[in-house]
$ cat final_34.txt   # compact mmCIF, C-alpha atoms and all ligand atoms
# COMPACT_ATOMS: atom_id res chain seq x y z
CA MET A 1305 20.78 -17.40 -36.86
CA ASN A 1306 17.51 -19.08 -36.00
CA LYS A 1307 14.76 -16.65 -36.94
CA LYS A 1308 11.04 -17.02 -36.36
CA ASP A 1309 8.70 -14.09 -36.63
CA LEU A 1310 7.16 -13.73 -33.19
CA TYR A 1311 5.17 -10.75 -31.95
CA LEU A 1312 4.80 -10.61 -28.16
CA ASP A 1313 3.90 -6.96 -27.71
CA TYR A 1314 0.11 -7.15 -27.77
CA ALA A 1315 -0.17 -4.66 -24.91
CA ALA A 1316 1.36 -2.00 -27.16
CA SER A 1317 -1.02 -2.87 -29.98
CA SER A 1318 -2.64 -6.08 -31.10
CA PRO A 1319 -2.97 -7.18 -34.74
CA LEU A 1320 -6.33 -6.73 -36.41
CA HIS A 1321 -8.15 -10.06 -36.22
CA PRO A 1322 -8.89 -11.56 -39.68
CA GLU A 1323 -12.61 -11.86 -38.82
CA VAL A 1324 -12.71 -8.19 -37.86
CA LEU A 1325 -10.95 -7.25 -41.09
CA ARG A 1326 -13.45 -9.30 -43.09
CA TYR A 1327 -16.37 -7.61 -41.38
CA MET A 1328 -14.92 -4.14 -41.84
CA THR A 1329 -14.16 -4.86 -45.51
CA SER A 1330 -17.78 -5.89 -46.07
CA LEU A 1331 -18.90 -2.56 -44.59
CA TYR A 1332 -16.47 -0.51 -46.72
CA GLU A 1333 -17.78 -2.37 -49.77
CA LYS A 1334 -21.32 -1.32 -48.91
CA ASN A 1335 -20.25 2.37 -48.92
CA LEU A 1336 -22.34 3.18 -45.89
CA GLY A 1337 -22.02 6.94 -46.05
CA ASN A 1338 -22.19 9.47 -43.24
CA PRO A 1339 -24.49 8.35 -40.43
CA ALA A 1340 -25.68 11.95 -40.09
CA SER A 1341 -27.03 11.94 -43.67
CA ILE A 1342 -30.75 11.37 -44.03
CA HIS A 1343 -30.64 9.43 -47.31
CA ARG A 1344 -30.56 5.65 -47.55
CA SER A 1345 -26.74 5.33 -47.23
CA GLY A 1346 -26.79 7.53 -44.15
CA VAL A 1347 -29.61 5.58 -42.57
CA MET A 1348 -27.75 2.31 -43.23
CA ALA A 1349 -24.67 3.77 -41.53
CA ALA A 1350 -26.71 5.04 -38.58
CA VAL A 1351 -28.30 1.62 -38.10
CA GLU A 1352 -24.86 -0.03 -38.12
CA LEU A 1353 -23.52 2.61 -35.71
CA GLU A 1354 -26.30 2.10 -33.20
CA LYS A 1355 -25.89 -1.67 -33.41
CA SER A 1356 -22.26 -1.26 -32.35
CA ARG A 1357 -23.14 1.27 -29.64
CA ASN A 1358 -25.65 -1.19 -28.17
CA ALA A 1359 -23.06 -3.99 -28.24
CA ILE A 1360 -20.46 -1.88 -26.42
CA ALA A 1361 -23.05 -0.66 -23.90
CA LYS A 1362 -24.01 -4.25 -23.20
CA LYS A 1363 -20.37 -5.13 -22.50
CA LEU A 1364 -20.09 -2.22 -20.07
CA ASN A 1365 -23.58 -2.70 -18.58
CA CYS A 1366 -24.79 0.82 -19.27
CA SER A 1367 -27.38 2.29 -21.60
CA SER A 1368 -26.37 2.99 -25.18
CA GLU A 1369 -26.92 6.77 -24.72
CA GLU A 1370 -24.04 6.69 -22.23
CA VAL A 1371 -21.49 5.48 -24.82
CA TYR A 1372 -19.62 8.07 -26.92
CA PHE A 1373 -17.10 7.10 -29.59
CA THR A 1374 -13.68 8.78 -29.62
CA SER A 1375 -10.37 8.22 -31.40
CA GLY A 1376 -9.05 6.01 -28.58
CA ALA A 1377 -8.34 5.83 -24.88
CA THR A 1378 -5.98 8.82 -24.96
CA GLU A 1379 -8.82 11.03 -26.17
CA SER A 1380 -11.29 9.39 -23.79
CA ASN A 1381 -8.97 10.02 -20.83
CA ASN A 1382 -8.48 13.63 -21.92
CA LEU A 1383 -12.22 14.12 -22.30
CA ALA A 1384 -12.92 12.53 -18.92
CA LEU A 1385 -10.51 14.63 -16.89
CA ARG A 1386 -10.53 17.90 -18.86
CA GLY A 1387 -14.27 17.69 -19.44
CA LEU A 1388 -14.96 17.18 -15.75
CA ALA A 1389 -12.48 19.79 -14.54
CA GLN A 1390 -13.67 22.43 -17.00
CA SER A 1391 -17.31 21.94 -16.06
CA HIS A 1392 -16.51 22.16 -12.35
CA LEU A 1393 -14.19 25.18 -12.42
CA LEU A 1394 -16.42 27.17 -10.10
CA GLY A 1395 -16.99 24.41 -7.55
CA SER A 1396 -15.14 23.90 -4.28
CA ARG A 1397 -13.78 20.47 -5.20
CA LYS A 1398 -10.35 21.24 -6.58
CA GLU A 1399 -8.39 18.05 -6.05
CA ILE A 1400 -7.82 15.32 -8.62
CA LEU A 1401 -6.57 11.98 -7.32
CA ILE A 1402 -4.74 9.67 -9.70
CA SER A 1403 -2.82 6.48 -8.98
CA SER A 1404 0.97 6.38 -9.21
CA ILE A 1405 0.75 3.89 -12.10
CA GLU A 1406 -1.44 5.79 -14.58
CA HIS A 1407 -0.84 5.83 -18.31
CA SER A 1408 0.69 9.09 -19.53
CA SER A 1409 -2.65 10.17 -21.05
CA VAL A 1410 -4.09 10.45 -17.54
CA LYS A 1411 -0.89 11.55 -15.80
CA GLN A 1412 -0.05 14.37 -18.22
CA THR A 1413 -3.66 15.53 -18.49
CA ALA A 1414 -3.96 15.78 -14.71
CA GLN A 1415 -0.63 17.62 -14.61
CA ASP A 1416 -1.89 20.11 -17.20
CA LEU A 1417 -5.05 20.69 -15.15
CA GLU A 1418 -2.84 21.49 -12.18
CA GLU A 1419 -0.52 23.79 -14.12
CA ASN A 1420 -3.15 25.65 -16.13
CA PHE A 1421 -6.56 25.27 -14.48
CA GLY A 1422 -5.94 25.65 -10.75
CA PHE A 1423 -6.52 22.03 -9.74
CA LYS A 1424 -4.29 20.15 -7.32
CA VAL A 1425 -3.20 16.63 -8.30
CA LEU A 1426 -2.50 14.10 -5.58
CA THR A 1427 -1.01 10.69 -6.26
CA ILE A 1428 -2.43 7.53 -4.68
CA PRO A 1429 0.37 5.06 -3.88
CA VAL A 1430 0.30 1.41 -4.86
CA LEU A 1431 1.63 -1.66 -3.04
CA PRO A 1432 4.50 -3.75 -4.50
CA SER A 1433 1.76 -5.92 -6.02
CA GLY A 1434 0.71 -2.95 -8.16
CA LEU A 1435 -2.63 -2.78 -6.35
CA ILE A 1436 -3.90 0.48 -4.87
CA ASN A 1437 -2.99 1.09 -1.25
CA ILE A 1438 -6.60 1.33 -0.10
CA GLU A 1439 -5.73 2.58 3.40
CA GLU A 1440 -3.79 5.50 1.92
CA LEU A 1441 -6.60 6.18 -0.55
CA LYS A 1442 -9.14 6.34 2.29
CA LYS A 1443 -7.06 9.05 3.99
CA MET A 1444 -7.02 11.13 0.81
CA LEU A 1445 -10.78 11.14 0.16
CA GLY A 1446 -12.83 14.12 1.27
CA GLN A 1447 -14.84 17.21 0.37
CA ARG A 1448 -12.05 18.76 -1.71
CA VAL A 1449 -11.79 15.87 -4.18
CA LEU A 1450 -13.57 16.23 -7.52
CA VAL A 1451 -12.54 12.97 -9.17
CA VAL A 1452 -10.54 9.82 -8.56
CA SER A 1453 -8.98 8.31 -11.68
CA ILE A 1454 -7.54 4.83 -11.44
CA ILE A 1455 -6.28 2.61 -14.23
CA HIS A 1456 -8.36 -0.60 -14.30
CA ALA A 1457 -5.55 -2.88 -15.51
CA ASN A 1458 -2.04 -1.55 -15.76
CA ASN A 1459 -0.36 -1.57 -19.16
CA GLU A 1460 3.11 -2.46 -17.87
CA ILE A 1461 2.54 -4.98 -15.08
CA GLY A 1462 -1.07 -6.00 -15.74
CA SER A 1463 -2.33 -5.48 -12.16
CA ILE A 1464 -6.13 -5.31 -12.00
CA GLN A 1465 -7.66 -2.99 -9.42
CA ASN A 1466 -10.70 -3.72 -7.32
CA LEU A 1467 -12.86 -1.02 -8.88
CA LYS A 1468 -15.97 -2.06 -6.99
CA GLU A 1469 -14.35 -1.40 -3.62
CA ILE A 1470 -12.89 1.92 -4.80
CA GLY A 1471 -16.18 2.94 -6.44
CA LEU A 1472 -18.05 2.44 -3.17
CA LEU A 1473 -15.52 4.62 -1.32
CA CYS A 1474 -15.86 7.38 -3.92
CA LYS A 1475 -19.63 7.21 -3.80
CA ALA A 1476 -19.65 7.51 -0.01
CA HIS A 1477 -17.74 10.82 -0.35
CA GLY A 1478 -19.69 12.19 -3.32
CA ILE A 1479 -16.55 11.92 -5.48
CA LEU A 1480 -16.67 11.19 -9.20
CA PHE A 1481 -14.89 8.04 -10.36
CA HIS A 1482 -13.09 7.51 -13.67
CA SER A 1483 -11.12 4.49 -14.82
CA ASP A 1484 -8.87 3.95 -17.81
CA GLY A 1485 -9.96 0.57 -19.12
CA ALA A 1486 -7.76 0.52 -22.25
CA GLN A 1487 -6.01 -2.73 -21.28
CA ALA A 1488 -8.79 -4.19 -19.15
CA PHE A 1489 -11.77 -3.99 -21.50
CA CYS A 1490 -12.78 -7.50 -22.62
CA LYS A 1491 -9.95 -9.14 -20.67
CA THR A 1492 -11.43 -8.77 -17.22
CA PRO A 1493 -15.06 -8.13 -16.27
CA VAL A 1494 -16.27 -4.56 -16.13
CA ASP A 1495 -19.68 -3.42 -14.97
CA VAL A 1496 -19.81 0.36 -14.79
CA THR A 1497 -23.06 0.26 -12.82
CA ASP A 1498 -21.96 -2.28 -10.22
CA MET A 1499 -18.56 -0.58 -9.91
CA ASN A 1500 -20.10 2.88 -9.39
CA LEU A 1501 -18.09 4.28 -12.27
CA ASP A 1502 -18.98 7.71 -13.67
CA LEU A 1503 -16.60 7.51 -16.63
CA TYR A 1504 -14.72 4.62 -18.27
CA SER A 1505 -12.29 4.78 -21.21
CA ILE A 1506 -11.73 2.00 -23.73
CA SER A 1507 -9.57 1.45 -26.80
CA SER A 1508 -10.04 -0.81 -29.82
CA HIS A 1509 -6.48 -1.70 -30.80
CA LYS A 1510 -5.78 -3.51 -27.54
CA ILE A 1511 -8.45 -6.09 -28.38
CA HIS A 1512 -7.57 -6.94 -32.00
CA GLY A 1513 -9.72 -4.12 -33.34
CA PRO A 1514 -8.61 -1.28 -35.64
CA ARG A 1515 -6.37 1.55 -34.38
CA GLY A 1516 -7.68 5.08 -34.04
CA ILE A 1517 -10.98 4.26 -32.39
CA GLY A 1518 -12.18 4.00 -28.81
CA ALA A 1519 -15.04 5.04 -26.60
CA ILE A 1520 -15.97 6.53 -23.30
CA TYR A 1521 -18.83 5.74 -20.97
CA ILE A 1522 -20.17 8.88 -19.33
CA LYS A 1523 -22.88 8.37 -16.75
CA SER A 1524 -26.09 10.00 -17.81
CA GLY A 1525 -26.60 13.48 -16.34
CA LEU A 1526 -22.92 14.04 -15.57
CA ARG A 1527 -21.58 17.50 -16.46
CA VAL A 1528 -18.66 17.06 -18.88
CA GLN A 1529 -17.37 19.87 -21.08
CA PRO A 1530 -16.96 18.56 -24.67
CA GLN A 1531 -13.45 19.00 -26.01
CA ASN A 1532 -14.26 18.66 -29.74
CA ILE A 1533 -16.72 21.30 -30.87
CA GLY A 1534 -18.24 21.24 -34.35
CA GLY A 1535 -21.03 19.36 -36.06
CA GLY A 1536 -22.64 18.10 -32.88
CA GLN A 1537 -22.07 14.39 -33.50
CA GLU A 1538 -22.23 11.98 -30.56
CA SER A 1539 -24.94 14.09 -28.89
CA SER A 1540 -22.53 17.06 -29.11
CA MET A 1541 -20.13 15.35 -26.69
CA ARG A 1542 -17.61 14.66 -29.43
CA SER A 1543 -17.99 16.40 -32.76
CA GLY A 1544 -16.46 14.92 -35.90
CA THR A 1545 -17.80 12.63 -38.62
CA VAL A 1546 -18.36 9.28 -36.98
CA PRO A 1547 -16.14 6.49 -38.44
CA VAL A 1548 -18.76 3.75 -38.52
CA GLU A 1549 -16.51 1.06 -40.03
CA LEU A 1550 -13.87 1.54 -37.31
CA ILE A 1551 -16.54 1.47 -34.62
CA SER A 1552 -18.06 -1.71 -36.03
CA GLY A 1553 -14.54 -3.19 -36.13
CA MET A 1554 -14.11 -2.39 -32.44
CA SER A 1555 -17.48 -3.88 -31.63
CA ALA A 1556 -16.77 -7.03 -33.67
CA ALA A 1557 -13.38 -7.36 -31.95
CA SER A 1558 -15.00 -7.16 -28.53
CA GLU A 1559 -17.18 -10.13 -29.47
CA LEU A 1560 -14.04 -12.26 -29.98
CA TYR A 1561 -13.43 -12.33 -26.25
CA THR A 1562 -15.51 -15.30 -25.27
CA SER A 1563 -14.85 -17.24 -22.07
CA LEU A 1564 -13.01 -19.72 -24.30
CA SER A 1565 -10.48 -17.18 -25.57
CA LEU A 1566 -10.00 -15.78 -22.06
CA SER A 1567 -9.24 -19.21 -20.67
CA LYS A 1568 -6.74 -19.68 -23.51
CA LEU A 1569 -4.99 -16.43 -22.46
CA GLU A 1570 -5.04 -17.59 -18.81
CA SER A 1571 -3.46 -20.92 -19.68
CA LEU A 1572 -0.76 -19.13 -21.70
CA LYS A 1573 -0.02 -17.04 -18.61
CA GLU A 1574 0.20 -20.13 -16.38
CA HIS A 1575 2.49 -21.80 -18.90
CA PHE A 1576 4.70 -18.72 -19.21
CA ILE A 1577 5.16 -18.44 -15.44
CA LYS A 1578 5.90 -22.16 -15.18
CA ILE A 1579 8.56 -22.26 -17.87
CA LEU A 1580 10.11 -18.97 -16.77
CA ASN A 1581 10.53 -20.36 -13.24
CA GLN A 1582 11.86 -23.66 -14.59
CA LYS A 1583 14.31 -22.38 -17.16
CA ILE A 1584 15.41 -19.12 -15.55
CA PRO A 1585 14.97 -19.69 -11.80
CA ASP A 1586 16.52 -16.35 -10.86
CA ALA A 1587 14.05 -14.38 -13.03
CA ILE A 1588 11.86 -12.03 -10.99
CA ILE A 1589 8.23 -11.36 -11.89
CA TYR A 1590 7.00 -7.88 -11.01
CA GLY A 1591 3.57 -7.12 -9.60
CA THR A 1592 0.83 -9.53 -8.63
CA THR A 1593 0.09 -12.46 -10.90
CA LYS A 1594 -3.16 -13.23 -9.03
CA SER A 1595 -5.16 -10.10 -9.72
CA SER A 1596 -3.63 -9.44 -13.11
CA LEU A 1597 -4.38 -9.55 -16.81
CA PRO A 1598 -4.20 -12.95 -18.52
CA ASN A 1599 -1.86 -11.61 -21.23
CA ILE A 1600 0.87 -9.46 -19.63
CA ILE A 1601 3.91 -10.49 -17.59
CA ASN A 1602 6.61 -8.06 -16.51
CA PHE A 1603 9.82 -9.66 -15.32
CA ALA A 1604 13.58 -9.32 -15.18
CA VAL A 1605 16.54 -11.57 -15.73
CA PRO A 1606 19.17 -10.28 -13.30
CA GLU A 1607 22.12 -8.52 -14.95
CA LEU A 1608 20.41 -8.48 -18.36
CA LEU A 1609 19.48 -4.95 -19.38
CA GLY A 1610 15.91 -4.76 -20.73
CA LYS A 1611 16.81 -2.69 -23.79
CA THR A 1612 19.75 -4.94 -24.67
CA ALA A 1613 17.51 -8.00 -24.53
CA LEU A 1614 14.83 -6.21 -26.57
CA HIS A 1615 17.26 -5.34 -29.38
CA LEU A 1616 18.94 -8.76 -29.45
CA LEU A 1617 15.57 -10.50 -29.52
CA ASP A 1618 14.37 -8.14 -32.24
CA GLN A 1619 17.35 -9.20 -34.37
CA ARG A 1620 16.06 -12.76 -33.91
CA GLY A 1621 12.56 -11.84 -35.05
CA ILE A 1622 10.97 -11.55 -31.59
CA ARG A 1623 9.27 -8.34 -30.56
CA ILE A 1624 8.67 -7.51 -26.89
CA SER A 1625 8.79 -4.32 -24.85
CA VAL A 1626 10.60 -2.80 -21.89
CA GLY A 1627 7.61 -0.88 -20.63
CA SER A 1628 4.76 0.99 -22.24
CA ALA A 1629 5.10 1.66 -25.96
CA CYS A 1630 4.90 5.42 -25.29
CA HIS A 1631 7.74 5.13 -22.82
CA SER A 1632 10.08 3.02 -24.94
CA GLY A 1633 11.90 5.98 -26.48
CA LYS A 1634 12.53 7.62 -23.10
CA LYS A 1635 15.68 7.39 -21.03
CA ASN A 1636 14.24 7.61 -17.52
CA PRO A 1637 13.07 4.43 -15.79
CA SER A 1638 9.38 3.51 -15.87
CA HIS A 1639 7.31 5.42 -13.28
CA VAL A 1640 5.15 2.30 -12.86
CA LEU A 1641 8.08 0.10 -11.87
CA LYS A 1642 9.43 2.84 -9.58
CA ALA A 1643 5.98 3.12 -7.98
CA ILE A 1644 5.95 -0.59 -7.07
CA GLY A 1645 9.29 -0.17 -5.35
CA LEU A 1646 11.97 -1.04 -7.91
CA ASN A 1647 15.23 0.87 -7.96
CA ASP A 1648 16.57 2.30 -11.24
CA LYS A 1649 18.79 -0.71 -11.98
CA GLU A 1650 15.92 -3.15 -11.47
CA ALA A 1651 13.58 -1.02 -13.58
CA TYR A 1652 16.09 -0.93 -16.46
CA GLU A 1653 16.29 -4.71 -16.39
CA ALA A 1654 12.53 -5.26 -16.70
CA LEU A 1655 10.93 -6.80 -19.79
CA ARG A 1656 7.24 -6.84 -20.72
CA VAL A 1657 5.91 -9.78 -22.65
CA SER A 1658 2.29 -9.72 -23.79
CA TRP A 1659 0.31 -12.10 -25.96
CA GLY A 1660 -3.04 -12.46 -27.62
CA VAL A 1661 -5.62 -14.92 -28.85
CA GLN A 1662 -3.41 -16.01 -31.76
CA THR A 1663 -0.35 -16.85 -29.59
CA GLN A 1664 0.54 -20.52 -29.11
CA VAL A 1665 2.18 -22.30 -26.16
CA SER A 1666 5.07 -23.19 -28.50
CA ASP A 1667 5.63 -19.45 -29.13
CA LEU A 1668 6.23 -18.88 -25.43
CA ASP A 1669 8.60 -21.87 -25.26
CA TYR A 1670 10.49 -20.47 -28.23
CA PHE A 1671 10.68 -17.05 -26.58
CA ILE A 1672 12.23 -18.46 -23.37
CA GLU A 1673 14.68 -20.52 -25.43
CA GLN A 1674 15.80 -17.42 -27.33
CA LEU A 1675 15.94 -15.31 -24.17
CA LEU A 1676 18.34 -17.84 -22.65
CA LEU A 1677 20.55 -17.67 -25.74
CA VAL A 1678 20.54 -13.87 -25.60
CA ARG A 1679 21.34 -13.88 -21.88
CA ASP A 1680 24.31 -16.19 -22.38
CA LEU A 1681 25.85 -14.26 -25.29
CA PRO A 1682 29.38 -13.08 -24.52
CA ALA A 1683 29.29 -9.40 -23.45
C1 LIG A 1701 -3.62 1.91 -20.06
C2 LIG A 1701 -3.64 2.66 -21.34
N1 LIG A 1701 -4.33 3.82 -21.42
C3 LIG A 1701 -4.41 4.52 -22.54
C4 LIG A 1701 -3.77 4.11 -23.68
C5 LIG A 1701 -3.89 4.92 -24.94
O1 LIG A 1701 -4.80 4.30 -25.77
P1 LIG A 1701 -4.97 4.76 -27.32
O2 LIG A 1701 -3.78 4.21 -28.03
O3 LIG A 1701 -6.25 4.13 -27.74
O4 LIG A 1701 -5.02 6.24 -27.33
C6 LIG A 1701 -3.04 2.92 -23.66
C7 LIG A 1701 -2.31 2.43 -24.85
O5 LIG A 1701 -1.20 2.69 -25.08
C8 LIG A 1701 -2.97 2.18 -22.46
O6 LIG A 1701 -2.28 1.04 -22.38

$ encode --input "final_34.txt" --output "structure tokens"
Amino acid sequence: MNKKDLYLDYAASSPLHPEVLRYMTSLYEKNLGNPASIHRSGVMAAVELEKSRNAIAKKLNCSSEEVYFTSGATESNNLALRGLAQSHLLGSRKEILISSIEHSSVKQTAQDLEENFGFKVLTIPVLPSGLINIEELKKMLGQRVLVVSIIHANNEIGSIQNLKEIGLLCKAHGILFHSDGAQAFCKTPVDVTDMNLDLYSISSHKIHGPRGIGAIYIKSGLRVQPQNIGGGQESSMRSGTVPVELISGMSAASELYTSLSLSKLESLKEHFIKILNQKIPDAIIYGTTKSSLPNIINFAVPELLGKTALHLLDQRGIRISVGSACHSGKKNPSHVLKAIGLNDKEAYEALRVSWGVQTQVSDLDYFIEQLLLVRDLPA
């Protein structure tokens, strides 16, 4: 059997970029120490830490005091929603609005706040494109809403929301606005100030940085109850010894996304859509491809079950996904695909292919070639 090692699951996690690894290794070799220590090693670590904080703040267009490092977007999303809810327990705003295509770290957190903290969670529908139904959202906004949380770019279908438009609506109603930017950060512009965002979550391992590190932007002056209590690191917003090397890795990774690498991802997307349409004309692409990430396509080949294709391709050295990585072990169909109007059968047939800066056009050609072989295997 023809076998080429091909990883096309960058949305689940992207490989550490060699330049990032080199930079992180150089830091580990320096033995920076704890940035809270006041001796020379500590001061060196603190200088490095603040350099990275400034770099991330610049990417988000906020001040560096508004950036707090966490273990990843799951923790950032938890901190955003729990922290807000717990510091507004006595207020009259008791509704939390989330979109129907949120990552489980927002969905489950909101659900927990409903079950255990007396909040009511309402779900904002999306259109078949995967974009928020703005007219429905407008009807839901009002005095009872504490926060609106909307995923910036979806992890399964890649749809990118118009955060500026939504931010203005939230602002007009005095509602706080959070977005999960785990997939979007560096791959589509974000400007927390221009978009009227109060909180924004990011993750390092989606941008070729190390796993286990992320950050959250929290607008200055916002009341957010810290969820990690201890040594008072990160201005007491998130206690725990600060992993400077991981943070610098994330910051270095974010610098890889130049306009050149983004246009490479865009041209890979154009090429993928073109060859998919040419070679498998009955394939169906889900969600918009206009307002969408340059590195994720969700599609189906009719009558080919997603999981069957995934396993057969895996045997041939190709790794893709049938939905989010967190969902892949579950039996029920993806809530994202259901939300954009697919029935169960269609949702079970969907495949997610995602690539990164190291992917080549020939890799995508090879993928389609192998997918055709897999489709035409005798049952
Ligand atoms: C949209 C989205 N939000 C949150 C997360 C969780 O991020 P992390 O792995 O950094 O906790 C992911 C990654 O799986 C994601 O795709």

$ residues_around --input "final_34.txt" --residues "stretch 1359-1375 of chain A" --least-positions-apart "4" --cutoff "9 Å" --atoms "only C-alpha atoms" --output "PDB file with C-alpha atoms, in the frame of the given file"
ATOM      1  CA  GLU A1354     -26.300   2.100 -33.200  1.00  0.00           C
ATOM      2  CA  LYS A1355     -25.890  -1.670 -33.410  1.00  0.00           C
ATOM      3  CA  GLU A1379      -8.820  11.030 -26.170  1.00  0.00           C
ATOM      4  CA  SER A1380     -11.290   9.390 -23.790  1.00  0.00           C
ATOM      5  CA  PHE A1489     -11.770  -3.990 -21.500  1.00  0.00           C
ATOM      6  CA  CYS A1490     -12.780  -7.500 -22.620  1.00  0.00           C
ATOM      7  CA  PRO A1493     -15.060  -8.130 -16.270  1.00  0.00           C
ATOM      8  CA  VAL A1494     -16.270  -4.560 -16.130  1.00  0.00           C
ATOM      9  CA  ASP A1495     -19.680  -3.420 -14.970  1.00  0.00           C
ATOM     10  CA  VAL A1496     -19.810   0.360 -14.790  1.00  0.00           C
ATOM     11  CA  THR A1497     -23.060   0.260 -12.820  1.00  0.00           C
ATOM     12  CA  ASP A1498     -21.960  -2.280 -10.220  1.00  0.00           C
ATOM     13  CA  TYR A1504     -14.720   4.620 -18.270  1.00  0.00           C
ATOM     14  CA  SER A1507      -9.570   1.450 -26.800  1.00  0.00           C
ATOM     15  CA  ARG A1515      -6.370   1.550 -34.380  1.00  0.00           C
ATOM     16  CA  GLY A1516      -7.680   5.080 -34.040  1.00  0.00           C
ATOM     17  CA  ILE A1517     -10.980   4.260 -32.390  1.00  0.00           C
ATOM     18  CA  GLY A1518     -12.180   4.000 -28.810  1.00  0.00           C
ATOM     19  CA  ALA A1519     -15.040   5.040 -26.600  1.00  0.00           C
ATOM     20  CA  ILE A1520     -15.970   6.530 -23.300  1.00  0.00           C
ATOM     21  CA  TYR A1521     -18.830   5.740 -20.970  1.00  0.00           C
ATOM     22  CA  ILE A1522     -20.170   8.880 -19.330  1.00  0.00           C
ATOM     23  CA  LYS A1523     -22.880   8.370 -16.750  1.00  0.00           C
ATOM     24  CA  SER A1524     -26.090  10.000 -17.810  1.00  0.00           C
ATOM     25  CA  GLU A1538     -22.230  11.980 -30.560  1.00  0.00           C
ATOM     26  CA  SER A1539     -24.940  14.090 -28.890  1.00  0.00           C
ATOM     27  CA  MET A1541     -20.130  15.350 -26.690  1.00  0.00           C
ATOM     28  CA  ARG A1542     -17.610  14.660 -29.430  1.00  0.00           C
ATOM     29  CA  VAL A1546     -18.360   9.280 -36.980  1.00  0.00           C
ATOM     30  CA  PRO A1547     -16.140   6.490 -38.440  1.00  0.00           C
ATOM     31  CA  ILE A1551     -16.540   1.470 -34.620  1.00  0.00           C
ATOM     32  CA  MET A1554     -14.110  -2.390 -32.440  1.00  0.00           C
ATOM     33  CA  SER A1555     -17.480  -3.880 -31.630  1.00  0.00           C
ATOM     34  CA  ALA A1556     -16.770  -7.030 -33.670  1.00  0.00           C
ATOM     35  CA  SER A1558     -15.000  -7.160 -28.530  1.00  0.00           C
ATOM     36  CA  GLU A1559     -17.180 -10.130 -29.470  1.00  0.00           C
TER      37      GLU A1559
END

$ residues_near_ligand --input "final_34.txt" --ligand "ligand LIG 1701 (chain A)" --cutoff "6 Å" --atoms "all atoms listed in the file" --output "ChimeraX atom specification"
/A:1316,1376-1378,1407,1458-1459,1484,1486-1487,1507

$ residues_around --input "final_34.txt" --residues "stretch 1593-1604 of chain A" --least-positions-apart "2" --cutoff "7 Å" --atoms "only C-alpha atoms" --output "VMD selection string"
chain A and resid 1457 1460 to 1464 1491 1569 to 1570 1573 1587 to 1591 1606 1653 to 1660

$ axis_aligned_box --input "final_34.txt" --around "stretch 1650-1653 of chain A" --padding-each-side "5 Å" --output "JSON"
{"center_x": 14.9, "center_y": -2.8, "center_z": -14.0, "size_x": 12.7, "size_y": 13.8, "size_z": 15.0}

$ residues_around --input "final_34.txt" --residues "A:Lys1442" --least-positions-apart "3" --cutoff "12 Å" --atoms "all atoms listed in the file" --output "VMD selection string"
chain A and resid 1401 1428 to 1429 1436 to 1439 1445 to 1446 1449 1452 1469 to 1474 1476 to 1477

$ closest_residue --input "final_34.txt" --among "A:Val1640, A:Leu1325, A:Ile1479, A:Ile1533" --to "A:Ile1455" --atoms "only C-alpha atoms"
A:Val1640

$ atom_distance --input "final_34.txt" --atom1 "atom CA of A:Leu1312" --atom2 "atom CA of A:Arg1623"
5.6 Å

$ atom_distance --input "final_34.txt" --atom1 "atom CA of A:Glu1549" --atom2 "atom CA of A:Val1324"
10.2 Å

$ closest_residue --input "final_34.txt" --among "A:Ile1672, A:Leu1435, A:Ala1414, A:Met1444" --to "A:Asn1466" --atoms "only C-alpha atoms"
A:Leu1435

$ atom_distance --input "final_34.txt" --atom1 "atom CA of A:Thr1545" --atom2 "atom CA of A:Lys1334"
17.7 Å

$ closest_residue --input "final_34.txt" --among "A:Gly1513, A:Gly1535, A:Gly1395, A:Gly1422" --to "A:Leu1560" --atoms "only C-alpha atoms"
A:Gly1513

$ residues_around --input "final_34.txt" --residues "A:Ile1402" --least-positions-apart "6" --cutoff "8 Å" --atoms "all atoms listed in the file" --output "list in words"
Val1410, Lys1411, Ala1414, Val1425, Leu1426, Thr1427, Ile1428, Val1452, Ser1453 and Ile1454 of chain A

$ closest_residue --input "final_34.txt" --among "A:Ser1483, A:Gln1531, A:Ser1540, A:Asn1381" --to "A:Asn1500" --atoms "all atoms listed in the file"
A:Ser1483

$ residues_around --input "final_34.txt" --residues "A:Asn1420" --least-positions-apart "6" --cutoff "12 Å" --atoms "only C-alpha atoms" --output "PyMOL selection string"
chain A and resi 1386+1389-1390+1393+1412-1414

$ closest_residue --input "final_34.txt" --among "A:Leu1336, A:Ile1405, A:Leu1677, A:Ala1315" --to "A:His1639" --atoms "all atoms listed in the file"
A:Ile1405

$ closest_residue --input "final_34.txt" --among "A:Ala1384, A:Leu1609, A:Ala1349, A:Leu1450" --to "A:Leu1331" --atoms "all atoms listed in the file"
A:Ala1349
